[in-house]
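Peer 1: There's a structure below that I have some questions on.
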Amino acid sequence: MVILSWENQTIVIEFVLRGFSSIRQLNVFLFIVFLVFYILIVSGNILIVLLVLFSHHLHTPMYFFLVNLSFLEIWYTSNIVPKMLLIIVAEQKTISVAGCLAQFYFFGSLAATECLLLAVMSYDRYLAICQPLHYPSLMTGSFCIRLAISSWFCCFFLTAITMVLLSRLTFCGPNEIDHFFCDFAPLVHLSCIDTSLTETVACATSSSVTLVPFLLITASYSCILAAILRIPSGTGRKKAFSTCSSHLTVVMVFYGTLIATYLVPSAKSSQLLRKGFSLLYTILTPMFNPIIYSLRNRDIHEALKKCLSKKSGFLR
């Protein structure tokens with residue numbers, strides 16, 4: 001049963017995720033494409049984690065944070081994509097209220113953590129380029145661990161505040177969510193009680209974990225750009241920029257997709273467009289991150305070549 005009668009009210013115990021039901025004729029195609037993307041995301045990020053762990057020359061702050069980002073991307077997509085694949089091919093597209101809230105909690109927490117990790121990585125590049133002599137003493141191993149732990153804990157704690165308020169809402173029907181995962185706005189719109197406090201707190205917490213890191217990233221790269229322009233030789237400028245170009249590309253893709261998604265009008269006619277933009281940061285961005293960091297990174301190339309040469313030597 002989807003609803004229960006209690007004190008003359010109908011209490012929703014399950015939601016229906018509509019997914020891409022408006023283009024049902026493409027279900028098989030979408031399933032294959034998203035499955036391939038998911039496999040690429042997981043395998044690509046696992047490869048980066050293993051390369052960093054087993055390559056001693058990659059045991060630096062920059063790659064320590066990259067491992068955190070790759071681990072986050074695996075968890076982030078695994079929270080959404082398997083369920084999305086299920087609702088594409090299954091006739092029964094239901095998810096329990098508790099399961100929906102849990103999916104939103106991990107989605108919100110991990111997305112916020114990515115914002116903070118990107119800010120931490122930009123700060124690391126700022127110290128490496130703008131204060132190279134003090135970099136080893138400032139970006140120590142213990143300091144890197146504290147930065148990473150703080151990023152994870154802060155975001156999971158802040159999202160938990162919104163989660164508690166969401167869990168206290170009453171859902172009386174309808175129970176259909178016109179999306180492929182449990183996002184905040186569709187959940188709030190289905191509540192039959194006042195949600196102003198929940199929306200205010202959610203807006204405050206989401207703003208703090210997205211706008212503040214974005215401002216820190218902007219400030220860091222402003223200083224980095226100024227420092228690079230002061231380098232006299234063109235070769236030196238190119239080398240300095242190459243150390244942060246991959247991270248800058250990831251930042252632009254991630255924040256670009258977020259802005260595009262949440263600035264799109266919420267009109268019913270644009271819902272399919274909103275789903276398309278949501279796919280950008282739930283699937284495409286996590287898939288591009290390993291590609292971006294590996295294509296223009298000599299250290300990753302060398303680590304992969306050494307790994308492949310060892311494997312071929314072992315097979316012989």
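Identifiers in this document derive from the order of the structure tokens: chains are assigned A, B, ..., residues are numbered from 1 separately in each chain, and ligands are numbered from 1 in order of occurrence.
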For the strand (DSSP E or B) assignment from backbone DSSP, which residues of stretch 66-293 of chain A qualify? Please present them as an mmCIF file with all heavy atoms, in the first residue's frame.

Peer 2:
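Below is the file that was written, states.cif:
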data_model
loop_
_atom_site.group_PDB
_atom_site.id
_atom_site.type_symbol
_atom_site.label_atom_id
_atom_site.label_comp_id
_atom_site.auth_asym_id
_atom_site.auth_seq_id
_atom_site.Cartn_x
_atom_site.Cartn_y
_atom_site.Cartn_z
ATOM 1 N N THR A 94 8.533 2.535 -6.935
ATOM 2 C CA THR A 94 8.317 3.100 -5.602
ATOM 3 C C THR A 94 9.599 3.105 -4.788
ATOM 4 O O THR A 94 10.513 2.300 -5.006
ATOM 5 C CB THR A 94 7.239 2.313 -4.837
ATOM 6 O OG1 THR A 94 7.639 0.939 -4.737
ATOM 7 C CG2 THR A 94 5.905 2.394 -5.556
ATOM 8 N N ILE A 95 9.640 4.007 -3.832
ATOM 9 C CA ILE A 95 10.707 4.074 -2.845
ATOM 10 C C ILE A 95 10.076 4.502 -1.532
ATOM 11 O O ILE A 95 9.187 5.354 -1.510
ATOM 12 C CB ILE A 95 11.816 5.064 -3.283
ATOM 13 C CG1 ILE A 95 12.967 5.077 -2.268
ATOM 14 C CG2 ILE A 95 11.264 6.464 -3.500
ATOM 15 C CD1 ILE A 95 14.179 5.896 -2.732
ATOM 16 N N SER A 96 10.464 3.879 -0.445
ATOM 17 C CA SER A 96 9.880 4.210 0.852
ATOM 18 C C SER A 96 10.241 5.634 1.241
ATOM 19 O O SER A 96 11.226 6.198 0.748
ATOM 20 C CB SER A 96 10.363 3.234 1.921
ATOM 21 O OG SER A 96 11.756 3.380 2.142
ATOM 22 N N PHE A 171 3.500 13.791 4.913
ATOM 23 C CA PHE A 171 3.175 13.664 3.495
ATOM 24 C C PHE A 171 1.827 12.960 3.374
ATOM 25 O O PHE A 171 1.687 11.794 3.739
ATOM 26 C CB PHE A 171 4.266 12.878 2.763
ATOM 27 C CG PHE A 171 5.639 13.494 2.894
ATOM 28 C CD1 PHE A 171 6.533 13.018 3.849
ATOM 29 C CD2 PHE A 171 6.023 14.550 2.090
ATOM 30 C CE1 PHE A 171 7.801 13.574 3.980
ATOM 31 C CE2 PHE A 171 7.285 15.122 2.210
ATOM 32 C CZ PHE A 171 8.172 14.635 3.162
ATOM 33 N N GLU A 176 3.668 11.213 -5.997
ATOM 34 C CA GLU A 176 4.526 11.090 -7.167
ATOM 35 C C GLU A 176 5.595 12.178 -7.185
ATOM 36 O O GLU A 176 5.287 13.359 -7.001
ATOM 37 C CB GLU A 176 3.701 11.160 -8.459
ATOM 38 C CG GLU A 176 2.924 9.898 -8.761
ATOM 39 C CD GLU A 176 2.412 9.884 -10.191
ATOM 40 O OE1 GLU A 176 2.619 10.895 -10.906
ATOM 41 O OE2 GLU A 176 1.812 8.880 -10.582
ATOM 42 N N ILE A 177 6.840 11.763 -7.417
ATOM 43 C CA ILE A 177 7.960 12.690 -7.561
ATOM 44 C C ILE A 177 8.401 12.654 -9.023
ATOM 45 O O ILE A 177 8.868 11.619 -9.516
ATOM 46 C CB ILE A 177 9.137 12.306 -6.647
ATOM 47 C CG1 ILE A 177 8.717 12.384 -5.176
ATOM 48 C CG2 ILE A 177 10.336 13.211 -6.898
ATOM 49 C CD1 ILE A 177 9.798 11.954 -4.198
ATOM 50 N N SER A 191 4.711 17.867 0.810
ATOM 51 C CA SER A 191 4.291 17.937 2.211
ATOM 52 C C SER A 191 2.962 18.679 2.335
ATOM 53 O O SER A 191 2.686 19.621 1.585
ATOM 54 C CB SER A 191 5.358 18.643 3.053
ATOM 55 O OG SER A 191 4.918 18.776 4.392
#

Peer 1: Against stretch 127-135 of chain A, which residues of stretch 168-250 of chain A fall within 7 Å? For each one I want the closest pair of atoms and the distance in Å (one decimal), counting only C-alpha atoms, rows by chain and increasing residue number, as a tab-separated table.

Peer 2:
residue	atom	partner	partner_atom	distance
A:Ile224	CA	A:Cys130	CA	6.4
A:Ala227	CA	A:Cys130	CA	6.1
A:Ala240	CA	A:Ile129	CA	6.8

Peer 1: Near stretch 22-27 of chain A, within 8 Å and counting only C-alpha atoms, which residues show up once chain neighbours fewer than 2 positions away are dropped, as a PDB file with C-alpha atoms, in the first residue's frame?

Peer 2:
ATOM      1  CA  PHE A  20      11.951   9.435 -17.499  1.00  0.00           C
ATOM      2  CA  PHE A  29      18.638   3.143 -24.726  1.00  0.00           C
ATOM      3  CA  LEU A  30      18.781   5.231 -21.528  1.00  0.00           C
ATOM      4  CA  PHE A  31      19.411   2.138 -19.401  1.00  0.00           C
ATOM      5  CA  ILE A  88      13.953   2.907 -15.836  1.00  0.00           C
ATOM      6  CA  VAL A  89      13.407  -0.820 -16.428  1.00  0.00           C
TER       7      VAL A  89
END

Peer 1: Quick check for you: according to DSSP on this backbone, which residues of stretch 73-242 of chain A are classed as alpha helix (DSSP H)? Reply as a ChimeraX atom specification.

Peer 2: /A:73-89,97-130,135-138,141-167,184-189,196-229,234-242

Peer 1: Please provide the set of residues having any atom within 9 Å of stretch 45-52 of chain A, restricted to only C-alpha atoms, with same-chain residues fewer than 5 positions apart removed, written as a compact mmCIF listing (two decimals) with N, CA and C atoms, in the first residue's frame.

Peer 2:
# COMPACT_ATOMS: atom_id res chain seq x y z
N LEU A 40 31.96 3.35 -16.08
CA LEU A 40 33.12 4.19 -16.33
C LEU A 40 33.46 5.06 -15.12
N HIS A 57 55.40 8.26 -5.31
CA HIS A 57 55.66 9.63 -5.75
C HIS A 57 54.36 10.46 -5.84
N LEU A 58 53.21 9.80 -5.68
CA LEU A 58 51.93 10.52 -5.68
C LEU A 58 51.42 10.79 -4.27
N HIS A 59 52.24 10.46 -3.27
CA HIS A 59 51.82 10.69 -1.89
C HIS A 59 52.10 12.15 -1.50
N TYR A 63 47.33 14.97 -4.35
CA TYR A 63 46.75 13.67 -4.69
C TYR A 63 46.01 13.05 -3.51
N PHE A 64 46.35 13.45 -2.31
CA PHE A 64 45.57 13.02 -1.15
C PHE A 64 44.14 13.55 -1.26
N LEU A 66 42.74 14.48 -4.05
CA LEU A 66 42.16 13.87 -5.24
C LEU A 66 41.57 12.50 -4.91
N VAL A 67 42.23 11.74 -4.05
CA VAL A 67 41.69 10.45 -3.61
C VAL A 67 40.37 10.66 -2.87
N ASN A 68 40.33 11.67 -2.01
CA ASN A 68 39.07 11.97 -1.32
C ASN A 68 37.97 12.29 -2.32
N LEU A 69 38.30 13.08 -3.34
CA LEU A 69 37.31 13.46 -4.36
C LEU A 69 36.85 12.25 -5.16
N SER A 70 37.78 11.36 -5.52
CA SER A 70 37.42 10.17 -6.28
C SER A 70 36.55 9.23 -5.46
N PHE A 71 36.90 9.05 -4.19
CA PHE A 71 36.09 8.21 -3.30
C PHE A 71 34.68 8.79 -3.17
N GLU A 73 33.10 10.65 -5.39
CA GLU A 73 32.37 10.47 -6.65
C GLU A 73 31.79 9.07 -6.76
N ILE A 74 32.53 8.07 -6.30
CA ILE A 74 32.02 6.68 -6.32
C ILE A 74 30.78 6.56 -5.46
N PRO A 286 30.87 13.51 -12.60
CA PRO A 286 31.70 12.46 -12.00
C PRO A 286 32.46 11.62 -13.02
N MET A 287 31.90 11.48 -14.24
CA MET A 287 32.59 10.71 -15.27
C MET A 287 33.76 11.50 -15.87
N ASN A 289 35.55 13.88 -14.36
CA ASN A 289 36.61 14.19 -13.40
C ASN A 289 37.84 13.30 -13.55
N PRO A 290 37.68 11.96 -13.58
CA PRO A 290 38.88 11.13 -13.78
C PRO A 290 39.56 11.39 -15.11
N TYR A 293 41.53 14.74 -14.87
CA TYR A 293 42.73 14.66 -14.04
C TYR A 293 43.78 13.73 -14.63
N SER A 294 43.38 12.82 -15.52
CA SER A 294 44.35 11.87 -16.06
C SER A 294 44.93 12.32 -17.40
N ILE A 300 50.10 11.07 -13.17
CA ILE A 300 49.15 9.97 -13.31
C ILE A 300 49.57 9.07 -14.47
N ALA A 303 52.51 6.94 -13.34
CA ALA A 303 52.08 5.91 -12.40
C ALA A 303 51.36 4.78 -13.13
N LEU A 304 50.54 5.14 -14.12
CA LEU A 304 49.81 4.12 -14.88
C LEU A 304 50.77 3.29 -15.73
N CYS A 307 52.59 0.90 -13.49
CA CYS A 307 51.67 -0.18 -13.08
C CYS A 307 51.49 -1.20 -14.20

Peer 1: Quick one, how far is atom CA of A:Thr113 from atom CA of A:Ser151?

Peer 2: 5.8 Å

Peer 1: Compare A:Phe181, A:Phe54, A:Tyr221, A:Phe156 by their minimum atom-to-atom distance to A:Ser109, counting only C-alpha atoms, and give me the closest one.

Peer 2: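 Looking at the shortest contact to A:Ser109, the residue is A:Phe156.
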
Peer 1: Hey, can you check how far atom CA of A:Val164 sits from atom CA of A:His189?

Peer 2: 16.8 Å

Peer 1: Separation of atom CA of A:Ser122 and atom CA of A:Cys223, in Å?

Peer 2: 10.6 Å

Peer 1: Out of A:His56, A:His247, A:His179, A:Arg168, which residue has the shortest atom-to-atom distance to A:Lys83 when counting only C-alpha atoms?

Peer 2: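 Once distances to A:Lys83 are computed over only C-alpha atoms, the minimum belongs to A:His179.
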
Peer 1: Which residues are near A:Tyr38? Cut-off 10 Å, only C-alpha atoms, ignore same chain within fewer than 3 positions. Put them as a VMD selection string.

Peer 2: chain A and resid 32 to 35 41 to 44 74 77 to 78 81 to 82 85 283 to 284 286 to 287

Peer 1: Using only C-alpha atoms, which protein or nucleic acid residues come within 10 Å of A:Thr162? Drop anything in the same chain fewer than 2 positions from it, and give the result as a list of chain:residue names.

Peer 2: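 My reading of the contact set: A:Tyr105, A:Gly108, A:Phe157, A:Leu158, A:Thr159, A:Ala160, A:Val164, A:Leu165, A:Leu166, A:Ser167, A:Phe184, A:Leu197, A:Thr198, A:Glu199, A:Thr200, A:Val201, A:Ala202, A:Cys203, A:Ala204, A:Thr205, A:Ser206.
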
Peer 1: Print the selection's residues with N, CA, C and O atoms to a file, as a short mmCIF file (atom, residue, chain, number, x, y, z; two decimals), in the first residue's frame.

Peer 2:
data_model
loop_
_atom_site.label_atom_id
_atom_site.label_comp_id
_atom_site.auth_asym_id
_atom_site.auth_seq_id
_atom_site.Cartn_x
_atom_site.Cartn_y
_atom_site.Cartn_z
N TYR A 105 19.62 12.68 1.90
CA TYR A 105 20.65 13.04 2.88
C TYR A 105 22.05 12.80 2.33
O TYR A 105 22.93 13.66 2.42
N GLY A 108 22.75 15.26 -0.65
CA GLY A 108 23.06 16.61 -0.19
C GLY A 108 24.40 16.69 0.51
O GLY A 108 25.18 17.63 0.30
N PHE A 157 27.10 17.03 8.86
CA PHE A 157 26.40 17.59 10.02
C PHE A 157 25.37 18.62 9.60
O PHE A 157 24.22 18.61 10.07
N LEU A 158 25.74 19.54 8.70
CA LEU A 158 24.82 20.58 8.26
C LEU A 158 23.62 19.99 7.52
O LEU A 158 22.48 20.43 7.70
N THR A 159 23.88 18.99 6.67
CA THR A 159 22.77 18.35 5.96
C THR A 159 21.87 17.59 6.91
O THR A 159 20.65 17.48 6.67
N ALA A 160 22.43 17.09 8.00
CA ALA A 160 21.61 16.38 9.00
C ALA A 160 20.57 17.30 9.62
O ALA A 160 19.48 16.86 9.98
N VAL A 164 16.67 16.35 9.58
CA VAL A 164 15.79 16.23 10.76
C VAL A 164 14.48 16.97 10.51
O VAL A 164 13.39 16.46 10.81
N LEU A 165 14.58 18.17 9.95
CA LEU A 165 13.37 18.95 9.66
C LEU A 165 12.52 18.27 8.59
O LEU A 165 11.28 18.26 8.67
N LEU A 166 13.15 17.69 7.58
CA LEU A 166 12.42 16.98 6.54
C LEU A 166 11.69 15.77 7.11
O LEU A 166 10.54 15.48 6.72
N SER A 167 12.34 15.05 8.00
CA SER A 167 11.75 13.84 8.57
C SER A 167 10.53 14.14 9.44
O SER A 167 9.72 13.25 9.70
N PHE A 184 15.50 17.83 -2.89
CA PHE A 184 14.84 18.58 -1.82
C PHE A 184 13.52 19.21 -2.26
O PHE A 184 12.49 19.03 -1.59
N LEU A 197 9.95 26.86 7.61
CA LEU A 197 11.16 26.72 8.44
C LEU A 197 12.15 25.79 7.77
O LEU A 197 13.35 26.08 7.71
N THR A 198 11.66 24.66 7.25
CA THR A 198 12.54 23.70 6.58
C THR A 198 13.22 24.33 5.38
O THR A 198 14.43 24.15 5.18
N GLU A 199 12.48 25.07 4.59
CA GLU A 199 13.04 25.70 3.40
C GLU A 199 14.05 26.78 3.76
O GLU A 199 15.07 26.94 3.10
N THR A 200 13.77 27.53 4.83
CA THR A 200 14.70 28.59 5.25
C THR A 200 16.02 28.00 5.73
O THR A 200 17.10 28.47 5.35
N VAL A 201 15.93 26.96 6.57
CA VAL A 201 17.14 26.32 7.08
C VAL A 201 17.92 25.67 5.94
O VAL A 201 19.16 25.77 5.87
N ALA A 202 17.22 25.01 5.02
CA ALA A 202 17.88 24.36 3.89
C ALA A 202 18.58 25.39 3.01
O ALA A 202 19.70 25.15 2.53
N CYS A 203 17.93 26.53 2.80
CA CYS A 203 18.54 27.59 1.98
C CYS A 203 19.80 28.13 2.65
O CYS A 203 20.82 28.35 1.99
N ALA A 204 19.74 28.31 3.97
CA ALA A 204 20.89 28.84 4.70
C ALA A 204 22.07 27.86 4.67
O ALA A 204 23.21 28.26 4.41
N THR A 205 21.79 26.59 4.93
CA THR A 205 22.87 25.59 4.96
C THR A 205 23.45 25.35 3.58
O THR A 205 24.68 25.26 3.42
N SER A 206 22.58 25.24 2.56
CA SER A 206 23.08 25.00 1.21
C SER A 206 23.88 26.18 0.69
O SER A 206 24.89 26.01 0.00
#

Peer 1: Could you give me, as a list of chain:residue names, the residues within 12 Å of A:Leu147, counting only C-alpha atoms and dropping anything in the same chain fewer than 6 positions from it?

Peer 2: A:Pro61, A:Phe64, A:Phe65, A:Asn68, A:Thr113, A:Leu116, A:Leu117, A:Leu118, A:Ala119, A:Val120, A:Met121, A:Tyr123, A:Asp124, A:Met139, A:Thr140, A:Gly141, A:Phe153, A:Cys154

Peer 1: Write a file of the just-selected residues containing C-alpha atoms, as a CSV table (one decimal), in the first residue's frame.

Peer 2:
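Result went into selection20.csv, see below:
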chain,number,residue,atom,x,y,z
A,61,PRO,CA,48.7,16.8,-0.5
A,64,PHE,CA,45.6,13.0,-1.1
A,65,PHE,CA,42.7,15.4,-1.8
A,68,ASN,CA,39.1,12.0,-1.3
A,113,THR,CA,31.4,17.9,0.6
A,116,LEU,CA,34.4,22.1,0.3
A,117,LEU,CA,36.9,19.6,-1.1
A,118,LEU,CA,37.2,21.7,-4.3
A,119,ALA,CA,37.8,24.8,-2.1
A,120,VAL,CA,40.5,22.9,-0.1
A,121,MET,CA,42.2,21.8,-3.3
A,123,TYR,CA,43.8,26.5,-1.3
A,124,ASP,CA,46.4,23.8,-1.7
A,139,MET,CA,50.6,21.8,4.0
A,140,THR,CA,51.7,19.0,6.3
A,141,GLY,CA,50.2,15.5,6.4
A,153,PHE,CA,32.1,16.1,9.0
A,154,CYS,CA,30.9,19.7,8.4

Peer 1: A:Leu272, A:Ala112, A:Leu190, A:Ile87: which is nearest A:Val212, counting only C-alpha atoms?

Peer 2: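 Among the listed residues, the smallest separation from A:Val212 belongs to A:Ala112.
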